[in-house]
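Quick notes on the structure that follows.
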Amino acid sequence: MGARPLPLRPDGFGQILPTPPELVNRSLPTQDFLPPPSSTTYAAKIADVPDAVLKRSTWQAACPVPVADLRYVTLSFWGFDHRAHTGELLVNKDAAPAVVKAFSELYAQQFPIEEMRITSPAELDVPPTGDGNDTSAFVCRPVRGQKNWSAHAYGLAVDVNPFCNPYTKDDLVLPELASAYVDRANVRPGMVTAGGPVVRAFAGAGWQWGGAWKSPVDRMHFTANGE
């Protein structure tokens, strides 16, 4: 499952090895972090960020967005196990309604999502092999390979099923074990496709899709500010 770090390339990332057979058609059950919905009707809530949630997030005083500008969103999503689950996101207050609406459309179409939880500080330093497949929003980090803040650091971006929708730049693939999903002609559940339900849902809110970029191609990434 890629739990062990891969041999490193000169750029510091792991060598791009073949995707393990059990992950070529990834369809893992969701482990519930929050209680699942009591019904199959879509439910979502936008609230101020609880202290306990903030403490397990990547937010710190140096982040470019104050806590007052973030919102804690809980919402229903469909897992690859064909069951309804409850996910959590930290998003910018200005983006929260659009995010809730976009995911309501995905829920209505039963688009599968493996997990949806807040990124922890420890995950910032974990090798990006792809053990997890977390759909997330706020992460206080810079743009990959740069020093300026990512749109995630403002709560203005969402990554959807990152293993199924890898980031590529030249010969780099992230997550590192997701090379099987670079083949976009082999469409599998959880993949974001041009003109597909995820792109349509976020485009309706005026968000851009990183999968339409030329370099890098960030298939998991949706952004409100174009970054």
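Letters for chains follow the order of the structure tokens (A, B, ...), residue numbers begin at 1 for each chain, and ligand numbers begin at 1 in the order shown.
For stretch 197-206 of chain A, the residues within 8 Å (counting only C-alpha atoms, excluding itself and residues fewer than 2 positions away along the chain) are A:Ala98, A:Val99, A:Lys101, A:Ala102, A:Phe103, A:Glu105, A:Leu106, A:Gln109, A:Phe111, A:Val192, A:Thr193, A:Ala194, A:Gly195, A:Gln208, A:Trp209, A:Phe222, A:Ala224.
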Sorted by chain and rising residue number, list the residues of stretch 11-127 of chain A at most 6 Å from stretch 164-188 of chain A (counting only C-alpha atoms), each with its closest atom pair and distance in Å to one decimal, as a Markdown table.
| residue | atom | partner | partner_atom | distance |
| --- | --- | --- | --- | --- |
| A:Ile16 | CA | A:Glu176 | CA | 5.7 |
| A:Thr19 | CA | A:Leu177 | CA | 5.0 |
| A:Val24 | CA | A:Ala180 | CA | 5.8 |
What would the file look like if the residues just selected were written as an mmCIF file, in the first residue's frame with N, CA, C and O atoms?
data_model
loop_
_atom_site.group_PDB
_atom_site.id
_atom_site.type_symbol
_atom_site.label_atom_id
_atom_site.label_comp_id
_atom_site.auth_asym_id
_atom_site.auth_seq_id
_atom_site.Cartn_x
_atom_site.Cartn_y
_atom_site.Cartn_z
ATOM 1 N N ILE A 16 9.203 7.028 -9.221
ATOM 2 C CA ILE A 16 7.880 6.658 -9.711
ATOM 3 C C ILE A 16 7.883 5.171 -10.059
ATOM 4 O O ILE A 16 8.355 4.755 -11.114
ATOM 5 N N THR A 19 2.158 1.311 -9.890
ATOM 6 C CA THR A 19 1.098 1.292 -8.889
ATOM 7 C C THR A 19 0.863 -0.139 -8.413
ATOM 8 O O THR A 19 0.758 -1.055 -9.234
ATOM 9 N N VAL A 24 -4.606 -0.253 -8.576
ATOM 10 C CA VAL A 24 -4.774 0.138 -9.985
ATOM 11 C C VAL A 24 -6.220 0.513 -10.270
ATOM 12 O O VAL A 24 -6.494 1.434 -11.046
#
Inset, instruction - Mind checking which residues fall within 12 Å of A:Val67, counting only C-alpha atoms, ignoring those fewer than 6 positions away in the same chain, and posting them as a PyMOL selection string? - result: chain A and resi 47-51+53-55+57-61+90-93+138+140+153-155
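Note that the spacing between atom CA of A:Met116 and atom CA of A:Cys63 amounts to 21.8 Å.
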Inset, instruction - Report the residues of stretch 65-224 of chain A whose backbone DSSP state falls under alpha helix (DSSP H), written as JSON, numbers by chain. - result: {"A": [96, 97, 98, 99, 100, 101, 102, 103, 104, 105, 106, 107, 108, 197, 198, 199, 200, 201, 202, 203]}
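With only C-alpha atoms as the atoms that count, the minimum distance from A:Phe77 to the choices A:Arg4, A:Val160, A:Val143, A:Glu123 is reached by A:Val160.
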Legend entry - Close residues, A:Glu115 itself excluded, 7 Å, only C-alpha atoms, min 6 positions apart in chain, as number ranges by chain: A: 30, 133-135
Selection above as a file: N, CA, C and O atoms, as a PDB file, in the first residue's frame:
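Output file out_33.pdb follows:
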ATOM      1  N   THR A  30     -14.683   3.382   3.001  1.00  0.00           N
ATOM      2  CA  THR A  30     -14.426   4.559   3.828  1.00  0.00           C
ATOM      3  C   THR A  30     -14.411   4.178   5.302  1.00  0.00           C
ATOM      4  O   THR A  30     -15.297   3.464   5.779  1.00  0.00           O
ATOM      5  N   ASN A 133      -6.333   8.901   0.418  1.00  0.00           N
ATOM      6  CA  ASN A 133      -6.992   9.434  -0.777  1.00  0.00           C
ATOM      7  C   ASN A 133      -7.979  10.492  -0.311  1.00  0.00           C
ATOM      8  O   ASN A 133      -9.156  10.462  -0.641  1.00  0.00           O
ATOM      9  N   ASP A 134      -7.452  11.425   0.496  1.00  0.00           N
ATOM     10  CA  ASP A 134      -8.283  12.359   1.233  1.00  0.00           C
ATOM     11  C   ASP A 134      -8.696  13.564   0.391  1.00  0.00           C
ATOM     12  O   ASP A 134      -7.850  14.296  -0.122  1.00  0.00           O
ATOM     13  N   THR A 135      -9.993  13.764   0.266  1.00  0.00           N
ATOM     14  CA  THR A 135     -10.532  14.970  -0.345  1.00  0.00           C
ATOM     15  C   THR A 135     -10.502  16.073   0.709  1.00  0.00           C
ATOM     16  O   THR A 135     -11.133  15.939   1.758  1.00  0.00           O
TER      17      THR A 135
END
Using DSSP secondary structure from the backbone, list all strand (DSSP E or B) positions within chain A, as a PDB file with N, CA, C and O atoms, in the first residue's frame.
ATOM      1  N   LEU A   8      14.459   7.905  -3.137  1.00  0.00           N
ATOM      2  CA  LEU A   8      14.304   9.293  -3.561  1.00  0.00           C
ATOM      3  C   LEU A   8      14.970   9.590  -4.893  1.00  0.00           C
ATOM      4  O   LEU A   8      16.012   9.041  -5.228  1.00  0.00           O
ATOM      5  N   GLY A  14       9.785  10.694  -4.308  1.00  0.00           N
ATOM      6  CA  GLY A  14      10.053   9.271  -4.465  1.00  0.00           C
ATOM      7  C   GLY A  14      10.110   8.866  -5.924  1.00  0.00           C
ATOM      8  O   GLY A  14       9.467   9.479  -6.783  1.00  0.00           O
ATOM      9  N   ALA A  44     -25.706  19.204   5.000  1.00  0.00           N
ATOM     10  CA  ALA A  44     -24.477  19.986   5.120  1.00  0.00           C
ATOM     11  C   ALA A  44     -24.682  21.077   6.154  1.00  0.00           C
ATOM     12  O   ALA A  44     -25.798  21.573   6.344  1.00  0.00           O
ATOM     13  N   LYS A  45     -23.596  21.437   6.831  1.00  0.00           N
ATOM     14  CA  LYS A  45     -23.646  22.481   7.847  1.00  0.00           C
ATOM     15  C   LYS A  45     -22.388  23.337   7.756  1.00  0.00           C
ATOM     16  O   LYS A  45     -21.280  22.810   7.646  1.00  0.00           O
ATOM     17  N   ILE A  46     -22.548  24.639   7.798  1.00  0.00           N
ATOM     18  CA  ILE A  46     -21.439  25.594   7.809  1.00  0.00           C
ATOM     19  C   ILE A  46     -21.409  26.245   9.179  1.00  0.00           C
ATOM     20  O   ILE A  46     -22.416  26.808   9.630  1.00  0.00           O
ATOM     21  N   ALA A  47     -20.262  26.182   9.850  1.00  0.00           N
ATOM     22  CA  ALA A  47     -20.161  26.715  11.211  1.00  0.00           C
ATOM     23  C   ALA A  47     -18.806  27.373  11.426  1.00  0.00           C
ATOM     24  O   ALA A  47     -17.863  27.173  10.648  1.00  0.00           O
ATOM     25  N   LEU A  70     -12.248  31.463   8.202  1.00  0.00           N
ATOM     26  CA  LEU A  70     -12.439  30.058   7.860  1.00  0.00           C
ATOM     27  C   LEU A  70     -13.755  29.552   8.428  1.00  0.00           C
ATOM     28  O   LEU A  70     -14.247  30.055   9.434  1.00  0.00           O
ATOM     29  N   ARG A  71     -14.305  28.545   7.773  1.00  0.00           N
ATOM     30  CA  ARG A  71     -15.518  27.904   8.256  1.00  0.00           C
ATOM     31  C   ARG A  71     -15.325  26.389   8.284  1.00  0.00           C
ATOM     32  O   ARG A  71     -14.591  25.821   7.456  1.00  0.00           O
ATOM     33  N   TYR A  72     -15.986  25.760   9.251  1.00  0.00           N
ATOM     34  CA  TYR A  72     -15.967  24.302   9.390  1.00  0.00           C
ATOM     35  C   TYR A  72     -17.216  23.763   8.714  1.00  0.00           C
ATOM     36  O   TYR A  72     -18.342  24.078   9.112  1.00  0.00           O
ATOM     37  N   VAL A  73     -17.016  22.978   7.670  1.00  0.00           N
ATOM     38  CA  VAL A  73     -18.124  22.446   6.887  1.00  0.00           C
ATOM     39  C   VAL A  73     -18.194  20.932   7.067  1.00  0.00           C
ATOM     40  O   VAL A  73     -17.194  20.226   6.890  1.00  0.00           O
ATOM     41  N   THR A  74     -19.354  20.442   7.440  1.00  0.00           N
ATOM     42  CA  THR A  74     -19.597  19.001   7.454  1.00  0.00           C
ATOM     43  C   THR A  74     -20.669  18.716   6.415  1.00  0.00           C
ATOM     44  O   THR A  74     -21.639  19.480   6.273  1.00  0.00           O
ATOM     45  N   LEU A  75     -20.481  17.624   5.674  1.00  0.00           N
ATOM     46  CA  LEU A  75     -21.421  17.327   4.591  1.00  0.00           C
ATOM     47  C   LEU A  75     -21.431  15.844   4.257  1.00  0.00           C
ATOM     48  O   LEU A  75     -20.506  15.106   4.587  1.00  0.00           O
ATOM     49  N   SER A  76     -22.485  15.430   3.611  1.00  0.00           N
ATOM     50  CA  SER A  76     -22.642  14.031   3.206  1.00  0.00           C
ATOM     51  C   SER A  76     -21.872  13.755   1.922  1.00  0.00           C
ATOM     52  O   SER A  76     -21.783  14.621   1.045  1.00  0.00           O
ATOM     53  N   PHE A  77     -21.315  12.547   1.819  1.00  0.00           N
ATOM     54  CA  PHE A  77     -20.718  12.108   0.556  1.00  0.00           C
ATOM     55  C   PHE A  77     -20.905  10.609   0.408  1.00  0.00           C
ATOM     56  O   PHE A  77     -21.097   9.883   1.390  1.00  0.00           O
ATOM     57  N   TRP A  78     -20.849  10.153  -0.840  1.00  0.00           N
ATOM     58  CA  TRP A  78     -20.956   8.732  -1.129  1.00  0.00           C
ATOM     59  C   TRP A  78     -19.555   8.126  -1.197  1.00  0.00           C
ATOM     60  O   TRP A  78     -18.662   8.670  -1.842  1.00  0.00           O
ATOM     61  N   ALA A  84     -23.467   6.137   2.392  1.00  0.00           N
ATOM     62  CA  ALA A  84     -23.353   7.558   2.712  1.00  0.00           C
ATOM     63  C   ALA A  84     -22.468   7.748   3.943  1.00  0.00           C
ATOM     64  O   ALA A  84     -22.547   6.984   4.910  1.00  0.00           O
ATOM     65  N   HIS A  85     -21.618   8.765   3.895  1.00  0.00           N
ATOM     66  CA  HIS A  85     -20.716   9.077   4.995  1.00  0.00           C
ATOM     67  C   HIS A  85     -20.750  10.584   5.256  1.00  0.00           C
ATOM     68  O   HIS A  85     -21.303  11.355   4.461  1.00  0.00           O
ATOM     69  N   THR A  86     -20.168  10.990   6.373  1.00  0.00           N
ATOM     70  CA  THR A  86     -20.076  12.407   6.718  1.00  0.00           C
ATOM     71  C   THR A  86     -18.624  12.853   6.620  1.00  0.00           C
ATOM     72  O   THR A  86     -17.746  12.262   7.259  1.00  0.00           O
ATOM     73  N   GLY A  87     -18.382  13.881   5.817  1.00  0.00           N
ATOM     74  CA  GLY A  87     -17.043  14.418   5.676  1.00  0.00           C
ATOM     75  C   GLY A  87     -16.912  15.764   6.345  1.00  0.00           C
ATOM     76  O   GLY A  87     -17.913  16.377   6.760  1.00  0.00           O
ATOM     77  N   GLU A  88     -15.673  16.242   6.465  1.00  0.00           N
ATOM     78  CA  GLU A  88     -15.417  17.546   7.063  1.00  0.00           C
ATOM     79  C   GLU A  88     -14.372  18.284   6.242  1.00  0.00           C
ATOM     80  O   GLU A  88     -13.430  17.689   5.722  1.00  0.00           O
ATOM     81  N   LEU A  89     -14.547  19.595   6.119  1.00  0.00           N
ATOM     82  CA  LEU A  89     -13.632  20.457   5.389  1.00  0.00           C
ATOM     83  C   LEU A  89     -13.469  21.769   6.137  1.00  0.00           C
ATOM     84  O   LEU A  89     -14.415  22.236   6.785  1.00  0.00           O
ATOM     85  N   LEU A  90     -12.296  22.365   6.041  1.00  0.00           N
ATOM     86  CA  LEU A  90     -12.101  23.760   6.420  1.00  0.00           C
ATOM     87  C   LEU A  90     -12.018  24.552   5.125  1.00  0.00           C
ATOM     88  O   LEU A  90     -11.208  24.234   4.257  1.00  0.00           O
ATOM     89  N   VAL A  91     -12.860  25.565   4.990  1.00  0.00           N
ATOM     90  CA  VAL A  91     -12.858  26.373   3.771  1.00  0.00           C
ATOM     91  C   VAL A  91     -12.982  27.849   4.132  1.00  0.00           C
ATOM     92  O   VAL A  91     -13.422  28.209   5.227  1.00  0.00           O
ATOM     93  N   ASN A  92     -12.618  28.701   3.208  1.00  0.00           N
ATOM     94  CA  ASN A  92     -12.795  30.131   3.391  1.00  0.00           C
ATOM     95  C   ASN A  92     -14.291  30.441   3.508  1.00  0.00           C
ATOM     96  O   ASN A  92     -15.120  29.826   2.832  1.00  0.00           O
ATOM     97  N   PRO A 112     -18.289   8.769  -6.240  1.00  0.00           N
ATOM     98  CA  PRO A 112     -17.628   8.187  -5.066  1.00  0.00           C
ATOM     99  C   PRO A 112     -16.415   8.979  -4.590  1.00  0.00           C
ATOM    100  O   PRO A 112     -15.583   9.418  -5.387  1.00  0.00           O
ATOM    101  N   GLU A 115     -12.430   9.408   1.158  1.00  0.00           N
ATOM    102  CA  GLU A 115     -12.423   9.997   2.496  1.00  0.00           C
ATOM    103  C   GLU A 115     -12.438  11.510   2.377  1.00  0.00           C
ATOM    104  O   GLU A 115     -12.024  12.076   1.365  1.00  0.00           O
ATOM    105  N   ASP A 134      -7.452  11.425   0.496  1.00  0.00           N
ATOM    106  CA  ASP A 134      -8.283  12.359   1.233  1.00  0.00           C
ATOM    107  C   ASP A 134      -8.696  13.564   0.391  1.00  0.00           C
ATOM    108  O   ASP A 134      -7.850  14.296  -0.122  1.00  0.00           O
ATOM    109  N   SER A 136      -9.744  17.139   0.452  1.00  0.00           N
ATOM    110  CA  SER A 136      -9.514  18.154   1.479  1.00  0.00           C
ATOM    111  C   SER A 136      -9.542  19.549   0.880  1.00  0.00           C
ATOM    112  O   SER A 136      -9.511  19.721  -0.350  1.00  0.00           O
ATOM    113  N   PRO A 142       2.780  26.106   1.075  1.00  0.00           N
ATOM    114  CA  PRO A 142       3.033  26.853  -0.162  1.00  0.00           C
ATOM    115  C   PRO A 142       2.654  26.040  -1.392  1.00  0.00           C
ATOM    116  O   PRO A 142       2.367  24.835  -1.301  1.00  0.00           O
ATOM    117  N   TRP A 149       2.208  31.218  -0.993  1.00  0.00           N
ATOM    118  CA  TRP A 149       1.149  30.397  -0.418  1.00  0.00           C
ATOM    119  C   TRP A 149       0.257  29.773  -1.493  1.00  0.00           C
ATOM    120  O   TRP A 149      -0.080  30.408  -2.481  1.00  0.00           O
ATOM    121  N   ALA A 157      -9.361  26.337  -2.177  1.00  0.00           N
ATOM    122  CA  ALA A 157      -9.127  25.239  -3.114  1.00  0.00           C
ATOM    123  C   ALA A 157      -9.570  23.932  -2.477  1.00  0.00           C
ATOM    124  O   ALA A 157      -9.568  23.786  -1.250  1.00  0.00           O
ATOM    125  N   VAL A 158      -9.950  23.008  -3.323  1.00  0.00           N
ATOM    126  CA  VAL A 158     -10.352  21.660  -2.899  1.00  0.00           C
ATOM    127  C   VAL A 158      -9.645  20.647  -3.777  1.00  0.00           C
ATOM    128  O   VAL A 158      -9.600  20.811  -5.008  1.00  0.00           O
ATOM    129  N   ASP A 159      -9.081  19.609  -3.170  1.00  0.00           N
ATOM    130  CA  ASP A 159      -8.507  18.478  -3.911  1.00  0.00           C
ATOM    131  C   ASP A 159      -9.456  17.292  -3.780  1.00  0.00           C
ATOM    132  O   ASP A 159      -9.811  16.902  -2.657  1.00  0.00           O
ATOM    133  N   TYR A 167      -1.418  14.712  -9.694  1.00  0.00           N
ATOM    134  CA  TYR A 167      -0.694  15.892 -10.174  1.00  0.00           C
ATOM    135  C   TYR A 167       0.495  15.403 -10.980  1.00  0.00           C
ATOM    136  O   TYR A 167       1.209  14.492 -10.543  1.00  0.00           O
ATOM    137  N   THR A 168       0.707  15.957 -12.152  1.00  0.00           N
ATOM    138  CA  THR A 168       1.877  15.586 -12.956  1.00  0.00           C
ATOM    139  C   THR A 168       2.577  16.842 -13.470  1.00  0.00           C
ATOM    140  O   THR A 168       1.931  17.834 -13.819  1.00  0.00           O
ATOM    141  N   LYS A 169       3.896  16.773 -13.480  1.00  0.00           N
ATOM    142  CA  LYS A 169       4.717  17.819 -14.072  1.00  0.00           C
ATOM    143  C   LYS A 169       5.969  17.153 -14.615  1.00  0.00           C
ATOM    144  O   LYS A 169       6.751  16.580 -13.854  1.00  0.00           O
ATOM    145  N   LEU A 172       7.235  13.833 -13.043  1.00  0.00           N
ATOM    146  CA  LEU A 172       6.825  13.728 -11.646  1.00  0.00           C
ATOM    147  C   LEU A 172       5.349  13.374 -11.557  1.00  0.00           C
ATOM    148  O   LEU A 172       4.519  13.962 -12.254  1.00  0.00           O
ATOM    149  N   VAL A 173       5.022  12.415 -10.688  1.00  0.00           N
ATOM    150  CA  VAL A 173       3.634  12.040 -10.422  1.00  0.00           C
ATOM    151  C   VAL A 173       3.415  12.106  -8.910  1.00  0.00           C
ATOM    152  O   VAL A 173       4.180  11.530  -8.138  1.00  0.00           O
ATOM    153  N   LEU A 174       2.370  12.813  -8.504  1.00  0.00           N
ATOM    154  CA  LEU A 174       2.002  12.888  -7.087  1.00  0.00           C
ATOM    155  C   LEU A 174       0.508  12.638  -6.958  1.00  0.00           C
ATOM    156  O   LEU A 174      -0.277  13.301  -7.639  1.00  0.00           O
ATOM    157  N   GLN A 208     -12.011  27.137 -11.117  1.00  0.00           N
ATOM    158  CA  GLN A 208     -11.198  26.559 -12.180  1.00  0.00           C
ATOM    159  C   GLN A 208     -10.718  25.165 -11.796  1.00  0.00           C
ATOM    160  O   GLN A 208     -10.566  24.843 -10.619  1.00  0.00           O
ATOM    161  N   TRP A 209     -10.444  24.365 -12.825  1.00  0.00           N
ATOM    162  CA  TRP A 209      -9.952  22.997 -12.643  1.00  0.00           C
ATOM    163  C   TRP A 209      -8.492  22.917 -13.071  1.00  0.00           C
ATOM    164  O   TRP A 209      -8.152  23.267 -14.207  1.00  0.00           O
ATOM    165  N   VAL A 217      -0.176  19.662 -14.554  1.00  0.00           N
ATOM    166  CA  VAL A 217      -1.562  19.227 -14.728  1.00  0.00           C
ATOM    167  C   VAL A 217      -1.996  18.697 -13.366  1.00  0.00           C
ATOM    168  O   VAL A 217      -1.494  17.684 -12.895  1.00  0.00           O
ATOM    169  N   ASP A 218      -2.906  19.430 -12.725  1.00  0.00           N
ATOM    170  CA  ASP A 218      -3.294  19.119 -11.340  1.00  0.00           C
ATOM    171  C   ASP A 218      -4.740  18.640 -11.337  1.00  0.00           C
ATOM    172  O   ASP A 218      -5.675  19.392 -11.058  1.00  0.00           O
ATOM    173  N   HIS A 221      -7.334  19.158  -8.405  1.00  0.00           N
ATOM    174  CA  HIS A 221      -7.383  20.502  -7.832  1.00  0.00           C
ATOM    175  C   HIS A 221      -8.457  21.387  -8.440  1.00  0.00           C
ATOM    176  O   HIS A 221      -8.542  21.545  -9.663  1.00  0.00           O
ATOM    177  N   PHE A 222      -9.260  21.977  -7.560  1.00  0.00           N
ATOM    178  CA  PHE A 222     -10.242  22.994  -7.947  1.00  0.00           C
ATOM    179  C   PHE A 222      -9.983  24.243  -7.121  1.00  0.00           C
ATOM    180  O   PHE A 222      -9.748  24.161  -5.918  1.00  0.00           O
ATOM    181  N   THR A 223     -10.008  25.400  -7.765  1.00  0.00           N
ATOM    182  CA  THR A 223      -9.600  26.627  -7.107  1.00  0.00           C
ATOM    183  C   THR A 223     -10.537  27.791  -7.421  1.00  0.00           C
ATOM    184  O   THR A 223     -10.997  27.942  -8.553  1.00  0.00           O
TER     185      THR A 223
END
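Taking atom CA of A:Asp11 and atom CA of A:Arg141 as endpoints, the distance between them is 18.3 Å.
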Inset, instruction - Could you check which of A:Asp69, A:Val100, A:Gly12, A:Ala95 is closest to A:Tyr42, using only C-alpha atoms? - result: A:Val100
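Here atom CA of A:Arg56 and atom CA of A:Ala122 stand 9.5 Å from one another.
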